[in-house]
$ cat target-v1.cif   # mmCIF, C-alpha atoms
data_data
#
loop_
_atom_site.label_atom_id
_atom_site.label_comp_id
_atom_site.auth_asym_id
_atom_site.auth_seq_id
_atom_site.Cartn_x
_atom_site.Cartn_y
_atom_site.Cartn_z
CA MET A 13 91.47 112.53 242.75
CA ASP A 14 89.94 114.42 245.64
CA ARG A 15 88.86 117.80 244.28
CA THR A 16 88.84 119.31 247.78
CA THR A 17 92.53 118.92 248.68
CA PRO A 18 94.75 120.66 246.15
CA LEU A 19 98.53 120.50 246.38
CA VAL A 20 99.66 124.01 247.34
CA LEU A 21 102.60 124.97 245.12
CA ASP A 22 105.40 126.70 247.00
CA PRO A 23 105.84 130.28 245.64
CA THR A 24 109.54 130.23 246.61
CA GLY A 25 110.34 127.21 244.42
CA ARG A 26 112.12 125.48 247.30
CA ARG A 27 109.90 122.40 247.35
CA ARG A 28 110.02 121.75 243.62
CA PRO A 29 111.52 118.18 243.79
CA ALA A 30 108.93 117.03 246.33
CA GLU A 31 106.13 118.69 244.37
CA GLU A 32 107.22 117.00 241.15
CA ALA A 33 107.25 113.61 242.90
CA ALA A 34 103.74 114.27 244.22
CA LEU A 35 102.50 115.25 240.75
CA HIS A 36 104.01 112.10 239.22
CA ALA A 37 102.34 109.94 241.88
CA ALA A 38 98.95 111.60 241.35
CA GLY A 39 98.55 110.42 237.77
CA PRO A 40 97.97 112.44 234.57
CA ALA A 41 96.61 115.47 236.44
CA ALA A 42 96.47 116.76 239.99
CA LEU A 43 94.55 119.63 241.51
CA VAL A 44 96.92 122.37 242.68
CA ASP A 45 96.70 125.75 244.34
CA ILE A 46 98.62 128.56 242.61
CA LEU A 47 98.75 131.53 244.96
CA GLY A 48 95.13 130.99 245.94
CA VAL A 49 93.77 129.92 242.55
CA GLN A 50 92.99 126.28 241.78
CA ALA A 51 93.98 124.54 238.55
CA TRP A 52 94.68 121.08 237.21
CA SER A 53 98.41 120.53 236.94
CA VAL A 54 99.17 118.19 234.03
CA SER A 55 102.59 116.56 234.20
CA ASP A 56 102.19 113.25 232.40
CA PRO A 57 103.99 113.93 229.07
CA ALA A 58 101.54 112.08 226.82
CA THR A 59 98.51 113.68 228.47
CA LEU A 60 100.09 117.13 228.44
CA LYS A 61 101.12 116.85 224.80
CA SER A 62 97.60 115.79 223.88
CA LEU A 63 96.00 118.69 225.80
CA LEU A 64 98.39 121.22 224.23
CA ASN A 65 97.01 120.14 220.86
CA ASP A 66 93.37 119.83 221.93
CA HIS A 67 90.81 122.26 220.46
CA ARG A 68 88.83 121.81 223.70
CA VAL A 69 91.58 123.64 225.60
CA SER A 70 91.93 127.42 225.33
CA LYS A 71 94.38 130.05 226.60
CA ASP A 72 91.85 132.89 226.37
CA ALA A 73 90.68 133.72 229.90
CA SER A 74 88.36 136.44 228.62
CA ARG A 75 86.34 133.85 226.70
CA HIS A 76 86.78 130.57 228.52
CA TRP A 77 87.61 131.08 232.22
CA PRO A 78 84.46 131.88 234.20
CA ALA A 79 86.47 132.97 237.26
CA PHE A 80 88.12 135.66 235.14
CA ILE A 81 84.97 136.62 233.24
CA ASN A 82 82.99 136.98 236.47
CA GLY A 83 85.58 139.23 238.07
CA GLU A 84 86.81 136.72 240.66
CA ILE A 85 90.34 137.06 239.25
CA THR A 86 91.49 140.65 239.76
CA GLU A 87 94.76 142.58 239.94
CA LYS A 88 95.04 141.38 243.53
CA TRP A 89 96.10 137.97 242.21
CA PRO A 90 99.90 138.23 241.69
CA LEU A 91 99.72 136.33 238.38
CA ALA A 92 96.87 138.37 236.92
CA LEU A 93 99.11 139.73 234.15
CA TRP A 94 99.77 136.21 232.89
CA VAL A 95 96.11 135.67 232.04
CA ALA A 96 95.05 139.23 231.18
CA VAL A 97 97.59 140.16 228.47
CA ASP A 98 96.31 140.58 224.92
CA ASN A 99 98.79 138.78 222.69
CA MET A 100 99.30 135.39 221.05
CA PHE A 101 100.20 133.86 224.44
CA THR A 102 96.56 134.17 225.59
CA ALA A 103 94.78 134.02 222.24
CA HIS A 104 92.73 131.09 220.96
CA GLY A 105 91.59 129.86 217.57
CA ASP A 106 91.49 132.31 214.66
CA ASN A 107 92.70 135.20 216.80
CA HIS A 108 95.77 133.22 217.86
CA GLN A 109 96.52 132.35 214.25
CA ARG A 110 96.28 136.03 213.27
CA LEU A 111 98.59 137.22 216.06
CA ARG A 112 101.10 134.41 215.54
CA ARG A 113 101.16 135.18 211.82
CA LEU A 114 101.99 138.81 212.53
CA VAL A 115 104.78 137.98 214.99
CA SER A 116 106.15 135.19 212.79
CA LYS A 117 106.58 137.70 209.97
CA ALA A 118 108.88 139.69 212.25
CA LEU A 119 110.68 136.87 214.10
CA THR A 120 111.78 134.64 211.22
CA VAL A 121 114.23 131.73 211.22
CA ARG A 122 116.39 133.74 208.83
CA ARG A 123 116.45 136.69 211.22
CA THR A 124 117.55 134.38 214.04
CA ALA A 125 120.32 132.89 211.89
CA GLU A 126 121.54 136.35 210.99
CA MET A 127 121.92 137.13 214.69
CA VAL A 128 124.50 134.40 215.37
CA PRO A 129 127.54 136.63 214.62
CA ARG A 130 126.18 139.23 217.04
CA ILE A 131 125.58 136.52 219.67
CA GLU A 132 129.20 135.41 219.23
CA GLN A 133 130.40 138.99 219.60
CA ILE A 134 128.44 139.56 222.82
CA ALA A 135 129.53 136.21 224.29
CA THR A 136 133.16 136.96 223.44
CA GLY A 137 133.01 140.31 225.20
CA LEU A 138 131.44 138.83 228.33
CA ILE A 139 133.86 135.92 228.55
CA ASP A 140 136.81 138.24 227.90
CA GLN A 141 135.69 140.17 230.99
CA LEU A 142 135.69 136.92 232.97
CA VAL A 143 139.23 136.11 231.80
CA ARG A 144 140.40 139.30 233.47
CA THR A 145 139.12 138.28 236.92
CA ARG A 146 141.54 137.02 239.58
CA ARG A 147 142.06 133.27 239.73
CA ASP A 148 140.91 133.09 243.35
CA GLU A 149 137.84 135.28 242.82
CA ILE A 150 134.38 133.74 243.08
CA VAL A 151 132.22 134.83 240.14
CA ASP A 152 128.42 134.67 239.91
CA LEU A 153 128.07 133.18 236.44
CA ARG A 154 124.34 133.89 236.33
CA GLU A 155 125.05 137.58 236.75
CA ALA A 156 128.19 137.65 234.60
CA LEU A 157 127.01 135.58 231.62
CA ALA A 158 123.60 133.88 231.88
CA PHE A 159 121.75 137.19 232.30
CA PRO A 160 123.68 139.72 230.21
CA LEU A 161 124.05 137.54 227.10
CA PRO A 162 120.34 136.99 226.34
CA LEU A 163 119.42 140.43 227.64
CA GLN A 164 121.86 142.11 225.25
CA VAL A 165 120.78 139.83 222.41
CA ILE A 166 117.08 140.53 222.87
CA GLY A 167 117.85 144.23 223.49
CA ASN A 168 119.63 144.42 220.13
CA LEU A 169 116.84 142.54 218.39
CA MET A 170 114.10 144.74 219.84
CA GLY A 171 115.97 148.06 219.73
CA LEU A 172 115.85 148.42 223.52
CA PRO A 173 118.29 151.19 224.53
CA ALA A 174 121.23 149.87 226.55
CA GLU A 175 120.58 152.35 229.36
CA VAL A 176 117.02 151.03 229.73
CA ALA A 177 117.97 147.34 229.85
CA PRO A 178 118.83 147.15 233.60
CA ARG A 179 115.55 148.80 234.54
CA PHE A 180 113.67 146.54 232.16
CA ARG A 181 115.36 143.47 233.60
CA ARG A 182 114.22 144.36 237.12
CA VAL A 183 110.57 144.65 236.16
CA VAL A 184 110.61 141.50 234.00
CA ASP A 185 112.14 139.60 236.93
CA GLY A 186 109.14 140.81 238.92
CA VAL A 187 106.74 139.28 236.39
CA PHE A 188 108.24 135.84 237.06
CA GLU A 189 108.72 136.23 240.82
CA THR A 190 105.83 134.62 242.69
CA THR A 191 106.65 135.90 246.18
CA LEU A 192 105.38 139.41 245.40
CA SER A 193 102.10 140.56 246.90
CA GLY A 194 99.26 141.49 244.60
CA GLU A 195 99.98 145.18 245.14
CA GLU A 196 103.71 144.75 244.51
CA ALA A 197 102.92 142.88 241.30
CA ARG A 198 100.50 145.64 240.21
CA VAL A 199 103.13 148.35 240.75
CA ASN A 200 105.73 146.25 238.93
CA ASN A 201 103.37 145.72 235.97
CA ALA A 202 102.71 149.46 235.73
CA ALA A 203 106.46 150.14 235.59
CA LEU A 204 106.83 147.48 232.91
CA TYR A 205 104.16 149.03 230.68
CA GLY A 206 105.75 152.42 231.20
CA ILE A 207 108.98 151.16 229.66
CA LEU A 208 107.18 149.47 226.77
CA THR A 209 105.15 152.61 226.04
CA GLU A 210 108.36 154.67 225.98
CA LEU A 211 109.96 152.17 223.60
CA VAL A 212 107.04 152.26 221.16
CA ALA A 213 106.95 156.08 221.21
CA ALA A 214 110.70 156.24 220.52
CA LYS A 215 110.46 153.80 217.60
CA ARG A 216 107.49 155.63 216.09
CA ALA A 217 109.50 158.84 216.20
CA ALA A 218 112.67 157.23 214.83
CA PRO A 219 112.01 153.80 213.25
CA GLY A 220 114.89 151.41 212.79
CA THR A 221 115.54 147.90 211.51
CA ASP A 222 114.76 146.40 214.93
CA LEU A 223 111.88 144.05 215.69
CA THR A 224 109.91 146.69 217.60
CA SER A 225 109.82 148.92 214.52
CA THR A 226 108.80 145.92 212.42
CA LEU A 227 105.97 144.99 214.78
CA ILE A 228 104.67 148.57 214.79
CA ASN A 229 104.28 148.43 211.02
CA VAL A 230 103.50 144.76 210.37
CA ARG A 231 100.25 143.95 208.54
CA ASP A 232 98.26 140.76 208.23
CA ASP A 233 98.62 140.03 204.52
CA GLU A 234 96.65 136.77 204.81
CA GLY A 235 93.73 138.42 206.62
CA ASP A 236 92.16 141.85 206.42
CA GLY A 237 95.44 143.72 206.34
CA SER A 238 95.02 144.90 209.93
CA ALA A 239 97.93 145.74 212.19
CA LEU A 240 98.36 144.95 215.87
CA THR A 241 96.15 147.07 218.11
CA GLU A 242 98.00 149.28 220.58
CA GLN A 243 97.36 146.86 223.46
CA GLU A 244 98.30 143.87 221.32
CA LEU A 245 101.51 145.65 220.34
CA LEU A 246 102.52 146.41 223.94
CA ASP A 247 101.63 142.92 225.12
CA THR A 248 103.43 141.30 222.19
CA LEU A 249 106.56 143.29 223.01
CA LEU A 250 106.20 142.15 226.62
CA LEU A 251 105.94 138.52 225.50
CA VAL A 252 108.80 138.60 223.00
CA ILE A 253 111.25 140.53 225.18
CA SER A 254 110.59 138.78 228.49
CA ALA A 255 110.25 135.26 227.10
CA GLY A 256 113.13 136.03 224.75
CA TYR A 257 115.64 136.18 227.52
CA GLU A 258 114.21 134.62 230.71
CA THR A 259 114.11 131.12 229.22
CA THR A 260 117.69 131.41 227.96
CA VAL A 261 118.97 132.69 231.31
CA ASN A 262 117.71 129.56 233.03
CA LEU A 263 118.84 127.25 230.24
CA LEU A 264 122.42 128.54 230.58
CA ASP A 265 122.22 128.46 234.38
CA GLN A 266 120.97 124.87 234.53
CA ALA A 267 123.33 123.54 231.86
CA VAL A 268 126.37 124.99 233.63
CA THR A 269 125.35 123.78 237.08
CA ALA A 270 124.49 120.29 235.80
CA LEU A 271 127.86 119.90 234.05
CA LEU A 272 129.81 121.23 237.03
CA THR A 273 127.86 118.96 239.39
CA ASP A 274 128.71 115.80 237.43
CA SER A 275 132.23 115.75 236.01
CA GLU A 276 131.50 112.52 234.14
CA GLN A 277 128.91 114.30 231.99
CA LEU A 278 131.36 117.05 231.11
CA ALA A 279 133.98 114.41 230.31
CA HIS A 280 131.58 112.80 227.81
CA VAL A 281 131.30 116.13 225.99
CA ARG A 282 135.03 116.82 226.01
CA ALA A 283 135.77 113.31 224.71
CA GLY A 284 133.24 113.68 221.90
CA ARG A 285 130.89 111.03 223.29
CA ALA A 286 128.17 113.67 223.47
CA SER A 287 127.64 116.98 221.67
CA TRP A 288 126.77 120.42 222.96
CA ASP A 289 123.36 119.95 221.34
CA ASP A 290 123.00 116.89 223.58
CA VAL A 291 123.83 119.10 226.58
CA ILE A 292 121.25 121.70 225.56
CA GLU A 293 118.42 119.23 224.97
CA GLU A 294 119.15 117.25 228.13
CA SER A 295 119.27 120.48 230.14
CA LEU A 296 115.89 121.50 228.73
CA ARG A 297 114.48 118.09 229.65
CA TYR A 298 116.13 117.73 233.05
CA ALA A 299 115.47 121.27 234.28
CA ALA A 300 112.87 122.97 232.09
CA PRO A 301 113.48 126.76 232.27
CA LEU A 302 109.77 127.20 233.00
CA SER A 303 108.51 124.72 235.58
CA HIS A 304 104.85 125.69 235.31
CA LEU A 305 103.21 127.89 232.69
CA PRO A 306 99.81 129.47 233.51
CA LEU A 307 97.11 128.98 232.28
CA ARG A 308 94.77 127.12 229.97
CA TYR A 309 91.03 126.45 230.29
CA ALA A 310 88.66 123.64 229.37
CA VAL A 311 86.25 124.87 226.68
CA GLU A 312 84.15 121.77 227.38
CA ASP A 313 84.50 118.77 229.68
CA VAL A 314 87.79 116.98 228.97
CA PRO A 315 88.06 113.38 230.26
CA LEU A 316 91.56 112.13 231.12
CA PRO A 317 92.88 108.53 231.04
CA ASN A 318 92.61 107.89 234.80
CA GLY A 319 88.95 108.83 235.12
CA ILE A 320 89.50 112.49 236.01
CA VAL A 321 87.31 114.91 234.08
CA ILE A 322 88.49 118.50 233.77
CA ARG A 323 85.18 120.33 233.79
CA GLN A 324 84.28 123.10 231.38
CA GLY A 325 85.75 126.38 232.62
CA GLU A 326 88.32 124.82 234.95
CA ALA A 327 91.91 126.05 234.71
CA ILE A 328 94.81 123.89 233.54
CA LEU A 329 98.48 124.36 234.42
CA ALA A 330 101.12 123.02 232.02
CA SER A 331 103.78 121.58 234.34
CA TYR A 332 106.76 121.34 232.00
CA GLY A 333 109.34 120.73 234.71
CA ALA A 334 107.58 117.66 236.10
CA ALA A 335 106.83 116.42 232.57
CA GLY A 336 110.51 116.51 231.62
CA ARG A 337 111.42 114.32 234.59
CA HIS A 338 108.42 112.01 234.31
CA PRO A 339 109.22 108.28 234.58
CA ASN A 340 106.39 107.51 232.13
CA LEU A 341 108.61 108.94 229.37
CA HIS A 342 112.14 108.56 230.70
CA GLY A 343 111.93 105.62 233.05
CA ALA A 344 113.65 105.18 236.39
CA THR A 345 116.49 107.54 235.40
CA ALA A 346 114.19 110.47 234.60
CA GLY A 347 115.63 112.44 237.53
CA VAL A 348 119.22 111.98 236.36
CA PHE A 349 121.11 114.39 234.08
CA ASP A 350 122.56 112.23 231.30
CA VAL A 351 123.92 113.82 228.12
CA ARG A 352 124.17 110.37 226.51
CA ARG A 353 120.50 109.58 227.08
CA ASP A 354 119.06 107.96 223.95
CA GLY A 355 115.84 109.95 224.02
CA LYS A 356 115.79 113.52 225.28
CA GLU A 357 112.21 114.30 224.36
CA HIS A 358 110.81 117.24 226.31
CA LEU A 359 108.12 119.90 226.22
CA ALA A 360 110.24 122.76 227.55
CA PHE A 361 109.20 125.03 224.66
CA GLY A 362 105.60 123.82 224.64
CA HIS A 363 103.88 121.94 221.85
CA GLY A 364 101.33 122.50 219.13
CA ALA A 365 99.88 125.86 218.14
CA HIS A 366 101.55 127.72 221.02
CA PHE A 367 105.05 126.26 220.53
CA CYS A 368 107.57 128.94 221.47
CA LEU A 369 108.67 131.02 218.47
CA GLY A 370 111.85 131.96 220.34
CA ALA A 371 113.11 128.38 220.72
CA PRO A 372 115.66 128.66 217.84
CA LEU A 373 117.10 131.84 219.38
CA ALA A 374 117.46 130.29 222.85
CA ARG A 375 119.18 127.24 221.38
CA ALA A 376 121.46 129.42 219.24
CA GLU A 377 122.62 131.42 222.26
CA ALA A 378 123.32 128.29 224.30
CA ARG A 379 125.12 126.71 221.33
CA VAL A 380 127.48 129.69 221.22
CA ALA A 381 127.97 130.37 224.93
CA LEU A 382 128.37 126.93 226.49
CA PRO A 383 131.28 125.51 224.45
CA PHE A 384 133.05 128.89 224.50
CA LEU A 385 132.75 129.10 228.30
CA PHE A 386 133.99 125.57 229.01
CA GLU A 387 136.80 125.80 226.45
CA THR A 388 137.97 129.08 227.98
CA PHE A 389 137.81 127.79 231.57
CA PRO A 390 138.59 124.05 231.50
CA ASP A 391 139.20 123.97 235.28
CA MET A 392 136.02 125.82 236.28
CA THR A 393 134.27 124.48 239.41
CA LEU A 394 131.25 125.35 241.49
CA ALA A 395 132.24 127.46 244.50
CA VAL A 396 129.53 125.92 246.72
CA PRO A 397 128.07 122.42 247.07
CA PRO A 398 125.24 121.92 244.56
CA GLU A 399 122.71 121.49 247.36
CA ASP A 400 123.54 125.01 248.60
CA LEU A 401 122.40 126.66 245.37
CA GLU A 402 119.22 128.59 246.13
CA PRO A 403 116.30 128.63 243.67
CA VAL A 404 114.91 131.78 242.11
CA PRO A 405 111.89 132.74 244.27
CA SER A 406 109.32 131.53 241.79
CA LEU A 407 107.08 128.57 241.18
CA LEU A 408 107.16 129.45 237.46
CA VAL A 409 110.83 129.63 236.50
CA ASN A 410 113.53 127.08 237.26
CA GLY A 411 116.86 128.72 237.97
CA HIS A 412 119.17 129.75 240.78
CA ARG A 413 119.55 133.05 242.58
CA THR A 414 123.29 132.85 241.92
CA VAL A 415 125.69 130.42 240.26
CA PRO A 416 128.98 131.01 242.13
CA VAL A 417 132.01 129.48 240.39
CA ARG A 418 135.78 129.51 240.56
CA LEU A 419 136.89 129.92 236.97
CA GLY A 420 140.49 128.82 237.24
CA PRO A 421 143.05 130.04 234.71
CA GLY A 422 141.50 131.10 231.42
CA ARG A 423 142.87 130.11 228.05
#
$ encode --input "target-v1.cif" --output "structure tokens"
Amino acid sequence: MDRTTPLVLDPTGRRRPAEEAALHAAGPAALVDILGVQAWSVSDPATLKSLLNDHRVSKDASRHWPAFINGEITEKWPLALWVAVDNMFTAHGDNHQRLRRLVSKALTVRRTAEMVPRIEQIATGLIDQLVRTRRDEIVDLREALAFPLPLQVIGNLMGLPAEVAPRFRRVVDGVFETTLSGEEARVNNAALYGILTELVAAKRAAPGTDLTSTLINVRDDEGDGSALTEQELLDTLLLVISAGYETTVNLLDQAVTALLTDSEQLAHVRAGRASWDDVIEESLRYAAPLSHLPLRYAVEDVPLPNGIVIRQGEAILASYGAAGRHPNLHGATAGVFDVRRDGKEHLAFGHGAHFCLGAPLARAEARVALPFLFETFPDMTLAVPPEDLEPVPSLLVNGHRTVPVRLGPGR
């Protein structure tokens, strides 16, 4: 691979199919340009899975990315927040284990299971609102269901006041949008931390049973008994809240659009030839909610199967979207949405030590919302041709600006 000619990733997300094809053709890794910063995009599933488990690969820019350590990466880079936060997302080794332990104590499988009745209640309320719309009215399903369901769920979990949620959503959207200038991103990040600081102050003054209150007080029983530092607390809240709903928004969006684009797939589900779990896993594979996730760094030289060597200190981009559609894992039909596919293996939630703790919650929300939506509106159709759906302006997330549908009569 020529190290001098990186593939420039489109910040608007409009060239994603062509970019994925180019990454597949390039082999296990390809040099890419991410808003002016170079990294090795890894899309081959076996190679990516191996690197995600490799001790020679770190997520800690402050220790293992010379460009960051030397001050070459500043707030002027629109994605600076992604590499500068101080939480388990960017931690490595023992520090990552400590932070993940602390968050795991708060975000347990049991706690997720206990949330299912509340998820059902929120989904019922949102779909009841849709039932009351006129039959001929075009509804943006992303705005009416895909966004408010996970936002209300994570808001309840974290104790985020309902009146703050719309403002919080706007700034979190800005974190994922890659068409912002460096200055716009800096202003957006400042607004985001303002909301998080207000939330922590409110919960310190009046603690509740929410996850924010739990994280404020959690202690590392397996270590030295320390709590999260103030910066770790704010950045952990940022990670849990933003990742806790953005992934689910795009999962719901992509599952709905895929089923409405191919009536045969929906027929398989309705006839019992495929389950809603099949829909969820195939949606995660076919259209990973996060196309690219920045960044990781080579702690030492890492040789790859095709002769490429990722040099110590070079950045690595996990390209989950291209990995999910890679013919090396899913053959010639990798680019086809097929709920009856025998193997739906994907890396949409990552792999290894940094596997997403929120994966059970995202799946639980989709498991509630999707069957309820399609049972309520059996005649629902897309209101525009699938090719007219516009992507979210981001090279990171994989969703649509809007999902316009005609619901038809509701049951």
$ residues_around --input "target-v1.cif" --residues "segment 331-341 of chain A" --least-positions-apart "4" --cutoff "9 Å" --atoms "only C-alpha atoms" --output "PyMOL selection string"
chain A and resi 28-29+31-33+35-36+53-58+60+296-306+345-348+356-362+410
$ closest_atom_pairs --input "target-v1.cif" --of "segment 81-198 of chain A" --to "segment 268-278 of chain A" --cutoff "10 Å" --atoms "all atoms listed in the file" --output "Markdown table"
| residue | atom | partner | partner_atom | distance |
| --- | --- | --- | --- | --- |
| A:Leu153 | CA | A:Val268 | CA | 8.8 |
| A:Arg154 | CA | A:Val268 | CA | 9.5 |
| A:Ala158 | CA | A:Val268 | CA | 9.5 |
$ residues_around --input "target-v1.cif" --residues "Asp185 of chain A" --least-positions-apart "2" --cutoff "10 Å" --atoms "all atoms listed in the file" --output "PDB file with C-alpha atoms, keeping the file's coordinate frame"
ATOM      1  CA  PHE A 180     113.670 146.540 232.160  1.00  0.00           C
ATOM      2  CA  ARG A 181     115.360 143.470 233.600  1.00  0.00           C
ATOM      3  CA  ARG A 182     114.220 144.360 237.120  1.00  0.00           C
ATOM      4  CA  VAL A 183     110.570 144.650 236.160  1.00  0.00           C
ATOM      5  CA  VAL A 187     106.740 139.280 236.390  1.00  0.00           C
ATOM      6  CA  PHE A 188     108.240 135.840 237.060  1.00  0.00           C
ATOM      7  CA  GLU A 189     108.720 136.230 240.820  1.00  0.00           C
ATOM      8  CA  THR A 190     105.830 134.620 242.690  1.00  0.00           C
ATOM      9  CA  ASN A 200     105.730 146.250 238.930  1.00  0.00           C
ATOM     10  CA  SER A 254     110.590 138.780 228.490  1.00  0.00           C
ATOM     11  CA  GLU A 258     114.210 134.620 230.710  1.00  0.00           C
ATOM     12  CA  VAL A 404     114.910 131.780 242.110  1.00  0.00           C
ATOM     13  CA  SER A 406     109.320 131.530 241.790  1.00  0.00           C
TER      14      SER A 406
END
$ residues_around --input "target-v1.cif" --residues "Thr136 of chain A" --least-positions-apart "2" --cutoff "10 Å" --atoms "only C-alpha atoms" --output "list in words"
Arg130, Ile131, Glu132, Gln133, Ile134, Leu138, Ile139, Asp140, Gln141, Leu142, Leu161, Val380, Ala381, Phe384 and Leu385 of chain A
$ write_last_selection --input "target-v1.cif" --atoms "C-alpha atoms" --output "JSON list (two decimals), in the coordinates of the input"
[["chain", "number", "residue", "atom", "x", "y", "z"],
["A", 130, "ARG", "CA", 126.18, 139.23, 217.04],
["A", 131, "ILE", "CA", 125.58, 136.52, 219.67],
["A", 132, "GLU", "CA", 129.20, 135.41, 219.23],
["A", 133, "GLN", "CA", 130.40, 138.99, 219.60],
["A", 134, "ILE", "CA", 128.44, 139.56, 222.82],
["A", 138, "LEU", "CA", 131.44, 138.83, 228.33],
["A", 139, "ILE", "CA", 133.86, 135.92, 228.55],
["A", 140, "ASP", "CA", 136.81, 138.24, 227.90],
["A", 141, "GLN", "CA", 135.69, 140.17, 230.99],
["A", 142, "LEU", "CA", 135.69, 136.92, 232.97],
["A", 161, "LEU", "CA", 124.05, 137.54, 227.10],
["A", 380, "VAL", "CA", 127.48, 129.69, 221.22],
["A", 381, "ALA", "CA", 127.97, 130.37, 224.93],
["A", 384, "PHE", "CA", 133.05, 128.89, 224.50],
["A", 385, "LEU", "CA", 132.75, 129.10, 228.30]]
$ resolve_selection --input "target-v1.cif" --expression "the PyMOL selection byres ((chain A and resi 162) around 9)" --output "mmCIF file with C-alpha atoms, in the frame of the given file"
data_model
loop_
_atom_site.group_PDB
_atom_site.id
_atom_site.type_symbol
_atom_site.label_atom_id
_atom_site.label_comp_id
_atom_site.auth_asym_id
_atom_site.auth_seq_id
_atom_site.Cartn_x
_atom_site.Cartn_y
_atom_site.Cartn_z
ATOM 1 C CA ILE A 131 125.580 136.520 219.670
ATOM 2 C CA LEU A 157 127.010 135.580 231.620
ATOM 3 C CA ALA A 158 123.600 133.880 231.880
ATOM 4 C CA PHE A 159 121.750 137.190 232.300
ATOM 5 C CA PRO A 160 123.680 139.720 230.210
ATOM 6 C CA LEU A 161 124.050 137.540 227.100
ATOM 7 C CA LEU A 163 119.420 140.430 227.640
ATOM 8 C CA GLN A 164 121.860 142.110 225.250
ATOM 9 C CA VAL A 165 120.780 139.830 222.410
ATOM 10 C CA ILE A 166 117.080 140.530 222.870
ATOM 11 C CA GLY A 167 117.850 144.230 223.490
ATOM 12 C CA GLY A 256 113.130 136.030 224.750
ATOM 13 C CA TYR A 257 115.640 136.180 227.520
ATOM 14 C CA GLU A 258 114.210 134.620 230.710
ATOM 15 C CA THR A 260 117.690 131.410 227.960
ATOM 16 C CA VAL A 261 118.970 132.690 231.310
ATOM 17 C CA ALA A 374 117.460 130.290 222.850
ATOM 18 C CA GLU A 377 122.620 131.420 222.260
#
$ resolve_selection --input "target-v1.cif" --expression "the PyMOL selection byres ((chain A and resi 421) around 12)" --output "MDAnalysis selection string"
chainID A and resid 142:149 386:393 418:420 422:423
$ write_last_selection --input "target-v1.cif" --atoms "C-alpha atoms" --output "short mmCIF file (atom, residue, chain, number, x, y, z; two decimals), in the frame of the given file"
data_model
loop_
_atom_site.label_atom_id
_atom_site.label_comp_id
_atom_site.auth_asym_id
_atom_site.auth_seq_id
_atom_site.Cartn_x
_atom_site.Cartn_y
_atom_site.Cartn_z
CA LEU A 142 135.69 136.92 232.97
CA VAL A 143 139.23 136.11 231.80
CA ARG A 144 140.40 139.30 233.47
CA THR A 145 139.12 138.28 236.92
CA ARG A 146 141.54 137.02 239.58
CA ARG A 147 142.06 133.27 239.73
CA ASP A 148 140.91 133.09 243.35
CA GLU A 149 137.84 135.28 242.82
CA PHE A 386 133.99 125.57 229.01
CA GLU A 387 136.80 125.80 226.45
CA THR A 388 137.97 129.08 227.98
CA PHE A 389 137.81 127.79 231.57
CA PRO A 390 138.59 124.05 231.50
CA ASP A 391 139.20 123.97 235.28
CA MET A 392 136.02 125.82 236.28
CA THR A 393 134.27 124.48 239.41
CA ARG A 418 135.78 129.51 240.56
CA LEU A 419 136.89 129.92 236.97
CA GLY A 420 140.49 128.82 237.24
CA GLY A 422 141.50 131.10 231.42
CA ARG A 423 142.87 130.11 228.05
#
$ resolve_selection --input "target-v1.cif" --expression "the PyMOL selection byres ((chain A and resi 88) around 12)" --output "MDAnalysis selection string"
chainID A and resid 47:49 83:87 89:93 192:199
$ atom_distance --input "target-v1.cif" --atom1 "atom CA of His366 of chain A" --atom2 "atom CA of Leu240 of chain A"
18.3 Å
$ closest_residue --input "target-v1.cif" --among "A:Asp313, A:Glu244, A:Asp222, A:Asp265" --to "Ala156 of chain A" --atoms "only C-alpha atoms"
A:Asp265
$ residues_around --input "target-v1.cif" --residues "segment 67-72 of chain A" --least-positions-apart "3" --cutoff "6 Å" --atoms "all atoms listed in the file" --output "number ranges by chain"
A: 75-76, 102-104, 308-312
$ decode --input "target-v1.cif" --residues "segment 111-127 of chain A" --atoms "C-alpha atoms" --output "compact mmCIF listing (two decimals), in the first residue's frame"
# COMPACT_ATOMS: atom_id res chain seq x y z
CA LEU A 111 -12.85 2.40 34.66
CA ARG A 112 -14.81 -0.42 33.05
CA ARG A 113 -15.19 -2.09 36.45
CA LEU A 114 -16.64 1.10 37.90
CA VAL A 115 -19.11 1.60 35.04
CA SER A 116 -20.04 -2.09 34.94
CA LYS A 117 -21.06 -1.88 38.59
CA ALA A 118 -23.58 0.79 37.60
CA LEU A 119 -24.74 -0.52 34.21
CA THR A 120 -25.54 -4.15 35.02
CA VAL A 121 -27.40 -6.74 32.93
CA ARG A 122 -30.00 -6.87 35.70
CA ARG A 123 -30.50 -3.11 35.52
CA THR A 124 -31.02 -3.35 31.76
CA ALA A 125 -33.56 -6.16 32.18
CA GLU A 126 -35.44 -4.13 34.75
CA MET A 127 -35.79 -1.31 32.21
